[in-house]
Each structure stands twice: as structure tokens, then as C-alpha cells.
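Down below is the structure, laid out as C-alpha cells.
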Amino acid sequence: MSDLVTGEAVVLGLRTAKLPSRALATGLDLLVQGAALVVTSLVLSFALVDLDGAALAAILLGLMVFFLVGLPVMVETLTRGRSLGKAALGLRVVRSDGGPVRFRHSLVRGLVGFFEIIVLSGVPAAICSAVSADGKRLGDVFAGTLVVRERVPGGGGAANALPPVHPQLLQTIGGELVALDLSAVPEPLWLAIRQLLGRIGELDPAVAHRMSARLADDLAARTGHPVPYGLHPAAYLGAVLTERQRREWTRAQGYGLQHPPRPHVQPPTAPAAPAPASAPAMPTTPPVQAHPQAQAQAQPQPQPAPAAQPAPGTGFAPPA
């Protein structure tokens, strides 16, 4: 067992591949590469009969470098650490922190492996792998890689890591999850839970159960609610993480409803601007009836008629 630690300080606990399984995987790879090299060399020898010996030797040397170094590096890079032999035995090459390998890691492993496995008949690789606690050969030491098991004998990966949960049990813990107080749970613990659930399919079932139980105990110490009896700790961690995400989403939605977008709010002084334009339309509305006494006071009093003036030249004035 190798206690690999990721960049997020999560201990993976992957099972490393030892010398017998690695030797068998390497033998399968060399068998396929050698067969491809021989077939390609024979085809080119018959196709290039008129070519001189020096050019043919250069072509064969290039083919040997391609099939024994270039092809393994290319396959390992594209498949993220899985060659044909490793895929048959359930192995994978990973970085020392548990991440996938890149081209530079595969190139260093391929170049060093050509000398320690092919040129030196694999003696240095066997000695280094037998001495190393993680089963590393010289190529892994220089490249900073490690060969781990993806498929554990007797296990099924993620399918066996989380056993099926009874629906009634899920309904029972549903109310407890809603009532949990998650304010005391620190962010590093949430990060560790997310990292474990994301990589639980790559772990041995026993290791996954032990790590999830430890994280579940840490979570229970801060929430005050232990894992329900009969529920896998990893399933409980996933349910609590889902409940936290639901609360964050609800809180975000509630904040959006309490604070609507500002473009929909109209300033209160905006309708007062067109008031002068609507002033001429005021007489069309019916007048407001005032109090009779006030209306009588406001009505203009009749003025007395002016005194009649005598008609010119007669001296007669009509009666008033």
C-alpha cells in the first residue's frame, strides 16, 4: 500500500504494483512490440530490395527505436499511463502525487527503460523494483512516477466501494440532513470530502471505507450527528455534501429574489417631467363641484346698470 498525498493534502492509499505483475505486463508489451518490429522489418526488406545495405540498416535502426521507445511513450501518453500489458493486468502509471502522467514523464520512463530493460536485460529494473517499497524501477525514480493497481482482485472498484442503500434508510436520514448545522464544518474538510468522493473508484474498497469513515467521524464531531447505522460512510458524506450544495443554491436564489435587478426600478421623479405637456388637457375633465356658499361667494356680483343719458337734441331721458 502506498500513502500517496495529492496537492489538496488527501491521502489516496493506492495499491502499488509489485515486481511479478510489472514483469508480466512488461513482457506482454515487449512481445507485441517485437512482433510488430519483425513484421514491419520483413515487409520493408522485401519492398526495398534495391536499397543498399547501409540505408536499409539505418531504416531498421530507426524502426527499432520507434517500436521500442517512441511507440511505448506515445501509447502511455495518450492513454494516461496504460499500455497493452498494463491494461490486461489492471495497472496504470501515475505521478508520485497520484495525478495522470504527461509526455515528459513517459519520455523519461521510455528512455531509461530502453537501457535498463532491453540493453541490460532488465537486471537493474528487477533489482530496483525488488528493493523499492513501492516497486519502482529506475525509470520511475527518475520520472517521479509510480505503477498502481486499478483493478483489485476480488473487488470491483467504485461498484463495490459503495454498497446499495435501502430506500427507507435514505428517507429516514433525509430529515436529519435538513436539520444539520453545517456552519462549524471548515472548508478544508469539505475539500477533503470532495477529493475522496471524486477518487473513490480508484481506491481499494477497504481503503475507501477506512478513509471515508475517518472523514465521517471528523464531520460528525463538528455537526453532532454520527453516521446512521447501516449506511456506508462514503454514501453519508455524499448525502451531506449534496445537502450543503442545495443550501448554497437556495441561499443564492433567495438573495437574487430579495435584491431584484436595478434596471427594473424607476426613479420617483421621472413621471414629473412630462407634466407641462399635459396641462392644456386639464379643461376636458369635469370641474370639481365646490360648496354652495363658497360658490356663491366666488360668483361675481351683478353690476348696476349705468344711468340713462338723454338723447341728444330732445332733452328727454327714458325711464330707467
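Ligands are numbered from 1 in the order shown, chains are lettered A, B, ... in the order of the C-alpha cells, and residues start at 1 in each chain.
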Leu60 of chain A environment, 9 Å, only C-alpha atoms, sequence neighbours closer than 5 positions dropped, as a PyMOL selection string: chain A and resi 37+41+44+55+65
Write a file of the just-selected residues containing N, CA and C atoms, as a PDB file, in the first residue's frame.
```pdb
ATOM      1  N   LEU A  37       7.758  -5.067 -34.774  1.00  0.00           N
ATOM      2  CA  LEU A  37       9.043  -4.705 -35.364  1.00  0.00           C
ATOM      3  C   LEU A  37       9.490  -5.725 -36.403  1.00  0.00           C
ATOM      4  N   SER A  41       9.828  -4.927 -40.389  1.00  0.00           N
ATOM      5  CA  SER A  41      11.158  -5.071 -40.990  1.00  0.00           C
ATOM      6  C   SER A  41      11.132  -6.021 -42.183  1.00  0.00           C
ATOM      7  N   LEU A  44       9.436  -4.214 -45.174  1.00  0.00           N
ATOM      8  CA  LEU A  44      10.314  -3.222 -45.795  1.00  0.00           C
ATOM      9  C   LEU A  44      11.496  -3.871 -46.499  1.00  0.00           C
ATOM     10  N   ALA A  55      21.681   1.991 -46.069  1.00  0.00           N
ATOM     11  CA  ALA A  55      20.378   2.659 -45.924  1.00  0.00           C
ATOM     12  C   ALA A  55      19.368   1.737 -45.268  1.00  0.00           C
ATOM     13  N   VAL A  65      14.123   1.909 -32.834  1.00  0.00           N
ATOM     14  CA  VAL A  65      13.948   2.996 -31.870  1.00  0.00           C
ATOM     15  C   VAL A  65      12.478   3.389 -31.768  1.00  0.00           C
TER      16      VAL A  65
END
```
Surrounding residues of segment 143-151 of chain A excluding itself and chain neighbours under 2 positions, 6 Å, only C-alpha atoms, as a ChimeraX atom specification: /A:15-17,90-96,105,108,139-141
From A:Leu48, A:Val32, A:Leu120, A:Ala184, residue lying nearest Pro72 of chain A [only C-alpha atoms]: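 Nearest to Pro72 of chain A: A:Val32.
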Which residues are near Asp217 of chain A? Cut-off 10 Å, only C-alpha atoms, ignore same chain within fewer than 6 positions. Put them as a ChimeraX atom specification. /A:211,223-227,233
For the residues in that selection, give me C-alpha atoms as a PDB file, in the first residue's frame.
```pdb
ATOM      1  CA  MET A 211     -10.742   6.902   4.712  1.00  0.00           C
ATOM      2  CA  THR A 223     -22.177  18.568  13.384  1.00  0.00           C
ATOM      3  CA  GLY A 224     -23.033  16.436  16.412  1.00  0.00           C
ATOM      4  CA  HIS A 225     -24.757  13.743  14.292  1.00  0.00           C
ATOM      5  CA  PRO A 226     -22.955  10.406  13.740  1.00  0.00           C
ATOM      6  CA  VAL A 227     -23.329   8.266  10.640  1.00  0.00           C
ATOM      7  CA  PRO A 233     -19.635   6.379   5.379  1.00  0.00           C
TER       8      PRO A 233
END
```
Can you tell me which residues surround Ser45 of chain A at a distance of at most 9 Å, considering only C-alpha atoms, apart from same-chain residues fewer than 5 positions away, and format the answer as a list in words?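 Here the answer would be Thr40, Leu51 and Leu56 of chain A.
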Go ahead and save the residues from that selection, with all heavy atoms, as a short mmCIF file (atom, residue, chain, number, x, y, z; two decimals), in the first residue's frame.
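Wrote it out as result_31.cif, contents follow:
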```cif
data_model
loop_
_atom_site.label_atom_id
_atom_site.label_comp_id
_atom_site.auth_asym_id
_atom_site.auth_seq_id
_atom_site.Cartn_x
_atom_site.Cartn_y
_atom_site.Cartn_z
N THR A 40 7.19 -5.49 -39.59
CA THR A 40 7.48 -4.27 -40.37
C THR A 40 8.84 -4.37 -41.06
O THR A 40 8.99 -3.94 -42.22
CB THR A 40 7.44 -3.05 -39.45
OG1 THR A 40 6.20 -3.01 -38.74
CG2 THR A 40 7.57 -1.76 -40.26
N LEU A 51 17.55 -1.27 -52.34
CA LEU A 51 18.21 -0.31 -51.45
C LEU A 51 19.51 -0.93 -50.94
O LEU A 51 19.61 -2.13 -50.69
CB LEU A 51 17.30 0.03 -50.27
CG LEU A 51 17.62 1.31 -49.51
CD1 LEU A 51 17.48 2.53 -50.41
CD2 LEU A 51 16.69 1.44 -48.31
N LEU A 56 19.40 0.45 -45.64
CA LEU A 56 18.47 -0.48 -45.03
C LEU A 56 18.75 -0.65 -43.53
O LEU A 56 17.82 -0.73 -42.72
CB LEU A 56 18.56 -1.83 -45.74
CG LEU A 56 17.56 -2.91 -45.28
CD1 LEU A 56 16.14 -2.42 -45.51
CD2 LEU A 56 17.80 -4.22 -46.03
#
```
Find the distance between atom CA of Ala87 of chain A and atom CA of Ala234 of chain A and write it in Å to one decimal. 27.6 Å
